[in-house]
$ cat coords-v8.pdb   # PDB, C-alpha atoms
ATOM      1  CA  MET Y   1      13.021  13.265  24.170
ATOM      2  CA  ALA Y   2      14.246  13.903  20.637
ATOM      3  CA  GLU Y   3      17.901  13.451  19.747
ATOM      4  CA  LEU Y   4      19.950  15.723  17.519
ATOM      5  CA  ALA Y   5      20.813  14.360  14.101
ATOM      6  CA  ASN Y   6      22.001  15.500  10.706
ATOM      7  CA  CYS Y   7      19.521  15.421   7.842
ATOM      8  CA  GLU Y   8      20.226  12.702   5.252
ATOM      9  CA  TYR Y   9      19.591  15.128   2.395
ATOM     10  CA  CYS Y  10      20.853  18.564   3.419
ATOM     11  CA  ASP Y  11      23.074  17.651   6.420
ATOM     12  CA  LYS Y  12      21.352  20.295   8.563
ATOM     13  CA  VAL Y  13      21.161  19.586  12.318
ATOM     14  CA  PHE Y  14      17.621  19.011  13.601
ATOM     15  CA  ALA Y  15      15.744  17.329  16.441
ATOM     16  CA  LYS Y  16      15.106  13.796  15.194
ATOM     17  CA  ILE Y  17      11.744  12.397  16.227
ATOM     18  CA  ASN Y  18      10.875   9.567  13.862
ATOM     19  CA  ARG Y  19      12.511  10.246  10.491
ATOM     20  CA  SER Y  20      16.116  10.920   9.590
ATOM     21  CA  ILE Y  21      15.341  14.003   7.494
ATOM     22  CA  CYS Y  22      14.706  17.551   8.668
ATOM     23  CA  PRO Y  23      11.240  19.185   8.511
ATOM     24  CA  ASP Y  24      12.217  21.304   5.487
ATOM     25  CA  CYS Y  25      13.329  18.277   3.490
ATOM     26  CA  MET Y  26      10.246  16.407   4.678
ATOM     27  CA  LYS Y  27       8.057  19.133   3.164
ATOM     28  CA  GLU Y  28      10.029  18.893  -0.065
ATOM     29  CA  GLU Y  29       9.619  15.112  -0.057
ATOM     30  CA  GLU Y  30       5.855  15.525   0.437
ATOM     31  CA  LYS Y  31       5.718  17.783  -2.634
ATOM     32  CA  LYS Y  32       7.519  15.074  -4.612
ATOM     33  CA  TYR Y  33       5.105  12.456  -3.282
ATOM     34  CA  GLU Y  34       2.128  14.577  -4.383
ATOM     35  CA  SER Y  35       3.697  14.954  -7.820
ATOM     36  CA  VAL Y  36       4.040  11.175  -8.131
ATOM     37  CA  VAL Y  37       0.482  10.584  -6.891
ATOM     38  CA  GLN Y  38      -0.905  13.150  -9.358
ATOM     39  CA  PHE Y  39       0.910  11.350 -12.171
ATOM     40  CA  LEU Y  40      -0.420   7.951 -11.084
ATOM     41  CA  ARG Y  41      -4.008   9.159 -10.769
ATOM     42  CA  ILE Y  42      -4.227   9.209 -14.551
ATOM     43  CA  ARG Y  43      -5.479   5.745 -15.559
ATOM     44  CA  LYS Y  44      -2.956   5.166 -18.356
ATOM     45  CA  ASN Y  45      -0.049   5.936 -15.975
ATOM     46  CA  ARG Y  46      -0.980   3.282 -13.410
ATOM     47  CA  GLN Y  47       1.025   0.677 -15.315
ATOM     48  CA  ALA Y  48       4.177   2.849 -15.266
ATOM     49  CA  THR Y  49       7.457   1.564 -13.876
ATOM     50  CA  ILE Y  50       9.532   3.464 -11.322
ATOM     51  CA  THR Y  51      11.861   4.650 -14.093
ATOM     52  CA  GLU Y  52       8.960   5.968 -16.181
ATOM     53  CA  ILE Y  53       7.473   7.741 -13.157
ATOM     54  CA  SER Y  54      10.853   9.261 -12.348
ATOM     55  CA  GLU Y  55      11.303  10.582 -15.879
ATOM     56  CA  ALA Y  56       7.776  12.007 -16.052
ATOM     57  CA  THR Y  57       7.738  13.671 -12.613
ATOM     58  CA  GLU Y  58      11.465  14.481 -12.272
ATOM     59  CA  VAL Y  59      11.411  12.812  -8.845
ATOM     60  CA  GLU Y  60      14.548  10.793  -8.073
ATOM     61  CA  HIS Y  61      14.332   7.030  -8.549
ATOM     62  CA  GLU Y  62      15.515   6.386  -4.968
ATOM     63  CA  ILE Y  63      12.776   8.574  -3.479
ATOM     64  CA  ILE Y  64      10.047   6.777  -5.443
ATOM     65  CA  LEU Y  65      11.587   3.484  -4.352
ATOM     66  CA  GLN Y  66      11.419   4.692  -0.740
ATOM     67  CA  PHE Y  67       7.719   5.530  -1.191
ATOM     68  CA  VAL Y  68       7.175   1.925  -2.301
ATOM     69  CA  LYS Y  69       9.223   0.536   0.596
ATOM     70  CA  ASP Y  70       7.310   2.734   3.054
ATOM     71  CA  LYS Y  71       4.101   1.391   1.460
ATOM     72  CA  ARG Y  72       2.931   4.863   0.556
ATOM     73  CA  LEU Y  73       2.616   3.572  -3.004
ATOM     74  CA  ARG Y  74       1.077   0.108  -2.939
ATOM     75  CA  ARG Y  75       2.073  -2.568  -5.401
ATOM     76  CA  SER Y  76      -1.477  -3.884  -5.351
ATOM     77  CA  GLN Y  77      -2.677  -0.654  -6.958
ATOM     78  CA  PHE Y  78       0.331  -0.114  -9.224
ATOM     79  CA  PRO Y  79       1.517  -3.548 -10.426
ATOM     80  CA  ASN Y  80       4.743  -2.408 -12.126
ATOM     81  CA  LEU Y  81       6.284  -0.838  -9.028
ATOM     82  CA  TYR Y  82       9.062  -3.197  -8.074
ATOM     83  CA  THR Y  83      11.795  -2.810  -5.511
ATOM     84  CA  SER Y  84      15.221  -4.396  -5.764
ATOM     85  CA  CYS Y  85      16.481  -7.336  -3.769
ATOM     86  CA  GLU Y  86      18.669  -6.067  -0.927
ATOM     87  CA  ARG Y  87      21.191  -8.811  -1.640
ATOM     88  CA  CYS Y  88      21.476  -9.222  -5.423
ATOM     89  CA  GLY Y  89      19.526  -6.322  -6.931
ATOM     90  CA  GLU Y  90      16.972  -8.405  -8.855
ATOM     91  CA  PRO Y  91      13.397  -7.037  -9.039
ATOM     92  CA  VAL Y  92      11.237  -8.045  -6.072
ATOM     93  CA  SER Y  93       7.442  -7.862  -5.988
ATOM     94  CA  SER Y  94       7.181  -8.199  -2.208
ATOM     95  CA  GLY Y  95       9.545  -8.064   0.732
ATOM     96  CA  VAL Y  96      13.211  -7.123   0.540
ATOM     97  CA  LEU Y  97      14.735 -10.350  -0.823
ATOM     98  CA  CYS Y  98      14.062 -12.275  -4.031
ATOM     99  CA  ASP Y  99      13.043 -15.934  -3.819
ATOM    100  CA  LYS Y 100      16.494 -17.159  -4.892
ATOM    101  CA  CYS Y 101      18.250 -15.185  -2.136
ATOM    102  CA  LYS Y 102      15.677 -16.314   0.442
ATOM    103  CA  ASN Y 103      16.296 -19.939  -0.518
ATOM    104  CA  ASP Y 104      20.082 -19.426  -0.462
ATOM    105  CA  ILE Y 105      19.910 -17.962   3.046
ATOM    106  CA  LYS Y 106      17.635 -20.759   4.267
ATOM    107  CA  TYR Y 107      20.040 -23.334   2.829
ATOM    108  CA  ASP Y 108      23.047 -21.623   4.448
ATOM    109  CA  LEU Y 109      21.276 -21.457   7.815
ATOM    110  CA  LYS Y 110      20.331 -25.126   7.591
ATOM    111  CA  LYS Y 111      23.939 -26.117   6.784
ATOM    112  CA  HIS Y 112      25.255 -23.919   9.599
ATOM    113  CA  HIS Y 113      22.803 -25.529  12.026
ATOM    114  CA  GLU Y 114      23.886 -29.013  10.918
ATOM    115  CA  ILE Y 115      27.557 -28.110  11.417
ATOM    116  CA  ASP Y 116      26.796 -26.807  14.901
ATOM    117  CA  GLN Y 117      25.020 -30.050  15.766
ATOM    118  CA  ILE Y 118      27.968 -32.115  14.538
ATOM    119  CA  LYS Y 119      30.399 -30.006  16.595
ATOM    120  CA  GLN Y 120      28.193 -30.406  19.645
ATOM    121  CA  ARG Y 121      28.084 -34.204  19.193
ATOM    122  CA  ASN Y 122      31.865 -34.325  18.785
ATOM    123  CA  GLU Y 123      32.347 -32.344  21.988
ATOM    124  CA  GLU Y 124      30.027 -34.711  23.844
ATOM    125  CA  ASP Y 125      31.924 -37.721  22.457
ATOM    126  CA  GLU Y 126      35.232 -36.205  23.581
ATOM    127  CA  LYS Y 127      33.887 -35.800  27.104
ATOM    128  CA  LYS Y 128      32.950 -39.484  27.142
ATOM    129  CA  ILE Y 129      36.422 -40.500  25.940
ATOM    130  CA  ARG Y 130      38.254 -38.521  28.612
ATOM    131  CA  THR Y 131      38.407 -40.912  31.498
ATOM    132  CA  TYR Y 132      40.944 -40.597  34.278
ATOM    133  CA  PHE Y 133      42.204 -43.546  36.298
ATOM    134  CA  THR Y 134      44.085 -43.420  39.527
ATOM    135  CA  LYS Y 135      46.344 -46.103  40.831
ATOM    136  CA  ASP Y 136      46.283 -47.048  44.481
TER     137      ASP Y 136
END
$ encode --input "coords-v8.pdb" --output "C-alpha cells"
Amino acid sequence: MAELANCEYCDKVFAKINRSICPDCMKEEEKKYESVVQFLRIRKNRQATITEISEATEVEHEIILQFVKDKRLRRSQFPNLYTSCERCGEPVSSGVLCDKCKNDIKYDLKKHHEIDQIKQRNEEDEKKIRTYFTKD
C-alpha cells in the first residue's frame, strides 16, 4: 500500500510508491532528462561537464547530478560526468566517496576496532584481578 508524502519539488501531497516526487514533477523531470539526452547525443557534446550541460540545456545542476547518481547517465559513455564526494565535495568518478575519504574512514574504523580490543582486554584483566577471600 502506498503512503502519503509531500513532493520534494512542489510540496504537493501524493501517494508515494517508489519516488519522493509527485507524478506531475516526475513528468517534468522526464522532459528535462530528454533535453539532456538530446544534448549529449551530439558527438561533440559527449565530453561536456555537468556545468556545461546545465548551461546548454537550462536543466538544474542538481537534477543532472541525480541522473548520474541514478545511473541514467553513465560515466562510461560520458567521461566528464563526475559526482561530488558526499563527505568533502571533491570530484568522484565512481561511488559516493573519494579515495582519500574512503581511506580516512577505513583508518578511523581500524583505530576504533583496536581501541575496542584494548578495552575488552582491560576488562578481562580486571576480572582476573578481582579475587575475593574469605576467612574461616
$ atom_distance --input "coords-v8.pdb" --atom1 "CA of Asp99 in chain Y" --atom2 "CA of Ser76 in chain Y"
18.9 Å
$ resolve_selection --input "coords-v8.pdb" --expression "the PyMOL selection byres ((chain Y and resi 34-48) around 8)" --output "PyMOL selection string"
chain Y and resi 30-33+49-53+56-57+59+64+77-81
$ write_last_selection --input "coords-v8.pdb" --atoms "C-alpha atoms" --output "compact mmCIF listing (two decimals), in the coordinates of the input"
# COMPACT_ATOMS: atom_id res chain seq x y z
CA GLU Y 30 5.86 15.52 0.44
CA LYS Y 31 5.72 17.78 -2.63
CA LYS Y 32 7.52 15.07 -4.61
CA TYR Y 33 5.11 12.46 -3.28
CA THR Y 49 7.46 1.56 -13.88
CA ILE Y 50 9.53 3.46 -11.32
CA THR Y 51 11.86 4.65 -14.09
CA GLU Y 52 8.96 5.97 -16.18
CA ILE Y 53 7.47 7.74 -13.16
CA ALA Y 56 7.78 12.01 -16.05
CA THR Y 57 7.74 13.67 -12.61
CA VAL Y 59 11.41 12.81 -8.85
CA ILE Y 64 10.05 6.78 -5.44
CA GLN Y 77 -2.68 -0.65 -6.96
CA PHE Y 78 0.33 -0.11 -9.22
CA PRO Y 79 1.52 -3.55 -10.43
CA ASN Y 80 4.74 -2.41 -12.13
CA LEU Y 81 6.28 -0.84 -9.03
$ atom_distance --input "coords-v8.pdb" --atom1 "CA of Val68 in chain Y" --atom2 "CA of Lys100 in chain Y"
21.4 Å
$ residues_around --input "coords-v8.pdb" --residues "Lys69 in chain Y" --least-positions-apart "4" --cutoff "12 Å" --atoms "all atoms listed in the file" --output "mmCIF file with C-alpha atoms, keeping the file's coordinate frame"
data_model
loop_
_atom_site.group_PDB
_atom_site.id
_atom_site.type_symbol
_atom_site.label_atom_id
_atom_site.label_comp_id
_atom_site.auth_asym_id
_atom_site.auth_seq_id
_atom_site.Cartn_x
_atom_site.Cartn_y
_atom_site.Cartn_z
ATOM 1 C CA GLU Y 62 15.515 6.386 -4.968
ATOM 2 C CA ILE Y 63 12.776 8.574 -3.479
ATOM 3 C CA ILE Y 64 10.047 6.777 -5.443
ATOM 4 C CA LEU Y 65 11.587 3.484 -4.352
ATOM 5 C CA LEU Y 73 2.616 3.572 -3.004
ATOM 6 C CA ARG Y 74 1.077 0.108 -2.939
ATOM 7 C CA ARG Y 75 2.073 -2.568 -5.401
ATOM 8 C CA LEU Y 81 6.284 -0.838 -9.028
ATOM 9 C CA TYR Y 82 9.062 -3.197 -8.074
ATOM 10 C CA THR Y 83 11.795 -2.810 -5.511
ATOM 11 C CA SER Y 84 15.221 -4.396 -5.764
ATOM 12 C CA CYS Y 85 16.481 -7.336 -3.769
ATOM 13 C CA GLU Y 86 18.669 -6.067 -0.927
ATOM 14 C CA VAL Y 92 11.237 -8.045 -6.072
ATOM 15 C CA SER Y 93 7.442 -7.862 -5.988
ATOM 16 C CA SER Y 94 7.181 -8.199 -2.208
ATOM 17 C CA GLY Y 95 9.545 -8.064 0.732
ATOM 18 C CA VAL Y 96 13.211 -7.123 0.540
#
$ axis_aligned_box --input "coords-v8.pdb" --around "range 113-127 of chain Y" --padding-each-side "3 Å" --output "lines of an AutoDock Vina configuration file"
center_x = 29.0
center_y = -31.6
center_z = 19.0
size_x = 18.4
size_y = 18.2
size_z = 22.2
$ atom_distance --input "coords-v8.pdb" --atom1 "CA of Cys7 in chain Y" --atom2 "CA of Cys25 in chain Y"
8.1 Å
$ resolve_selection --input "coords-v8.pdb" --expression "the PyMOL selection byres ((chain Y and resi 16) around 9)" --output "list in words"
Ala2, Glu3, Leu4, Ala5, Asn6, Cys7, Val13, Phe14, Ala15, Ile17, Asn18, Arg19, Ser20, Ile21 and Cys22 of chain Y
$ closest_residue --input "coords-v8.pdb" --among "Y:Gln117, Y:Pro91, Y:His112, Y:Glu29" --to "Phe67 in chain Y" --atoms "all atoms listed in the file"
Y:Glu29
$ build_atoms --input "coords-v8.pdb" --residues "range 21-32 of chain Y" --atoms "all heavy atoms" --output "mmCIF file, in the frame of the given file"
data_model
loop_
_atom_site.group_PDB
_atom_site.id
_atom_site.type_symbol
_atom_site.label_atom_id
_atom_site.label_comp_id
_atom_site.auth_asym_id
_atom_site.auth_seq_id
_atom_site.Cartn_x
_atom_site.Cartn_y
_atom_site.Cartn_z
ATOM 1 N N ILE Y 21 15.231 12.800 8.305
ATOM 2 C CA ILE Y 21 15.341 14.003 7.494
ATOM 3 C C ILE Y 21 14.688 15.166 8.234
ATOM 4 O O ILE Y 21 13.763 14.976 9.021
ATOM 5 C CB ILE Y 21 14.723 13.827 6.082
ATOM 6 C CG1 ILE Y 21 13.243 13.485 6.145
ATOM 7 C CG2 ILE Y 21 15.480 12.777 5.298
ATOM 8 C CD1 ILE Y 21 12.580 13.419 4.787
ATOM 9 N N CYS Y 22 15.185 16.358 7.966
ATOM 10 C CA CYS Y 22 14.706 17.551 8.668
ATOM 11 C C CYS Y 22 13.302 17.939 8.175
ATOM 12 O O CYS Y 22 12.860 17.488 7.113
ATOM 13 C CB CYS Y 22 15.683 18.701 8.473
ATOM 14 S SG CYS Y 22 15.749 19.351 6.793
ATOM 15 N N PRO Y 23 12.593 18.779 8.922
ATOM 16 C CA PRO Y 23 11.240 19.185 8.511
ATOM 17 C C PRO Y 23 11.185 19.858 7.139
ATOM 18 O O PRO Y 23 10.228 19.652 6.379
ATOM 19 C CB PRO Y 23 10.819 20.150 9.620
ATOM 20 C CG PRO Y 23 11.615 19.738 10.804
ATOM 21 C CD PRO Y 23 12.927 19.259 10.253
ATOM 22 N N ASP Y 24 12.211 20.643 6.799
ATOM 23 C CA ASP Y 24 12.217 21.304 5.487
ATOM 24 C C ASP Y 24 12.310 20.287 4.354
ATOM 25 O O ASP Y 24 11.572 20.370 3.367
ATOM 26 C CB ASP Y 24 13.386 22.294 5.392
ATOM 27 C CG ASP Y 24 13.250 23.449 6.371
ATOM 28 O OD1 ASP Y 24 12.096 23.765 6.758
ATOM 29 O OD2 ASP Y 24 14.288 24.031 6.744
ATOM 30 N N CYS Y 25 13.192 19.320 4.514
ATOM 31 C CA CYS Y 25 13.329 18.277 3.490
ATOM 32 C C CYS Y 25 12.099 17.376 3.463
ATOM 33 O O CYS Y 25 11.728 16.858 2.412
ATOM 34 C CB CYS Y 25 14.593 17.458 3.725
ATOM 35 S SG CYS Y 25 16.113 18.384 3.397
ATOM 36 N N MET Y 26 11.466 17.205 4.622
ATOM 37 C CA MET Y 26 10.246 16.407 4.678
ATOM 38 C C MET Y 26 9.139 17.075 3.859
ATOM 39 O O MET Y 26 8.404 16.404 3.134
ATOM 40 C CB MET Y 26 9.794 16.217 6.132
ATOM 41 C CG MET Y 26 8.835 15.065 6.315
ATOM 42 S SD MET Y 26 8.400 14.734 8.025
ATOM 43 C CE MET Y 26 9.972 14.317 8.733
ATOM 44 N N LYS Y 27 9.047 18.401 3.965
ATOM 45 C CA LYS Y 27 8.057 19.133 3.164
ATOM 46 C C LYS Y 27 8.352 18.973 1.678
ATOM 47 O O LYS Y 27 7.438 18.779 0.866
ATOM 48 C CB LYS Y 27 8.070 20.613 3.542
ATOM 49 C CG LYS Y 27 7.472 20.903 4.891
ATOM 50 C CD LYS Y 27 7.576 22.374 5.233
ATOM 51 C CE LYS Y 27 7.138 22.617 6.670
ATOM 52 N NZ LYS Y 27 7.374 24.002 7.087
ATOM 53 N N GLU Y 28 9.626 19.060 1.329
ATOM 54 C CA GLU Y 28 10.029 18.893 -0.065
ATOM 55 C C GLU Y 28 9.704 17.480 -0.558
ATOM 56 O O GLU Y 28 9.227 17.295 -1.673
ATOM 57 C CB GLU Y 28 11.529 19.178 -0.209
ATOM 58 C CG GLU Y 28 12.017 19.212 -1.625
ATOM 59 C CD GLU Y 28 11.419 20.347 -2.434
ATOM 60 O OE1 GLU Y 28 11.145 21.423 -1.883
ATOM 61 O OE2 GLU Y 28 11.212 20.128 -3.652
ATOM 62 N N GLU Y 29 9.932 16.499 0.296
ATOM 63 C CA GLU Y 29 9.619 15.112 -0.057
ATOM 64 C C GLU Y 29 8.109 14.935 -0.240
ATOM 65 O O GLU Y 29 7.676 14.202 -1.128
ATOM 66 C CB GLU Y 29 10.141 14.171 1.015
ATOM 67 C CG GLU Y 29 10.072 12.715 0.604
ATOM 68 C CD GLU Y 29 10.708 11.797 1.617
ATOM 69 O OE1 GLU Y 29 11.939 11.614 1.558
ATOM 70 O OE2 GLU Y 29 9.959 11.257 2.462
ATOM 71 N N GLU Y 30 7.312 15.600 0.578
ATOM 72 C CA GLU Y 30 5.855 15.525 0.437
ATOM 73 C C GLU Y 30 5.400 16.114 -0.894
ATOM 74 O O GLU Y 30 4.480 15.600 -1.525
ATOM 75 C CB GLU Y 30 5.155 16.242 1.599
ATOM 76 C CG GLU Y 30 5.088 15.423 2.866
ATOM 77 C CD GLU Y 30 4.421 14.071 2.671
ATOM 78 O OE1 GLU Y 30 3.314 14.008 2.085
ATOM 79 O OE2 GLU Y 30 5.019 13.061 3.071
ATOM 80 N N LYS Y 31 6.041 17.201 -1.326
ATOM 81 C CA LYS Y 31 5.718 17.783 -2.634
ATOM 82 C C LYS Y 31 6.018 16.778 -3.742
ATOM 83 O O LYS Y 31 5.242 16.638 -4.689
ATOM 84 C CB LYS Y 31 6.518 19.064 -2.858
ATOM 85 C CG LYS Y 31 6.062 20.238 -2.023
ATOM 86 C CD LYS Y 31 6.920 21.452 -2.292
ATOM 87 C CE LYS Y 31 6.562 22.588 -1.353
ATOM 88 N NZ LYS Y 31 7.478 23.730 -1.501
ATOM 89 N N LYS Y 32 7.154 16.079 -3.616
ATOM 90 C CA LYS Y 32 7.519 15.074 -4.612
ATOM 91 C C LYS Y 32 6.516 13.920 -4.596
ATOM 92 O O LYS Y 32 6.137 13.404 -5.646
ATOM 93 C CB LYS Y 32 8.936 14.566 -4.352
ATOM 94 C CG LYS Y 32 9.999 15.607 -4.613
ATOM 95 C CD LYS Y 32 11.385 15.104 -4.282
ATOM 96 C CE LYS Y 32 12.422 16.193 -4.541
ATOM 97 N NZ LYS Y 32 13.782 15.761 -4.232
#
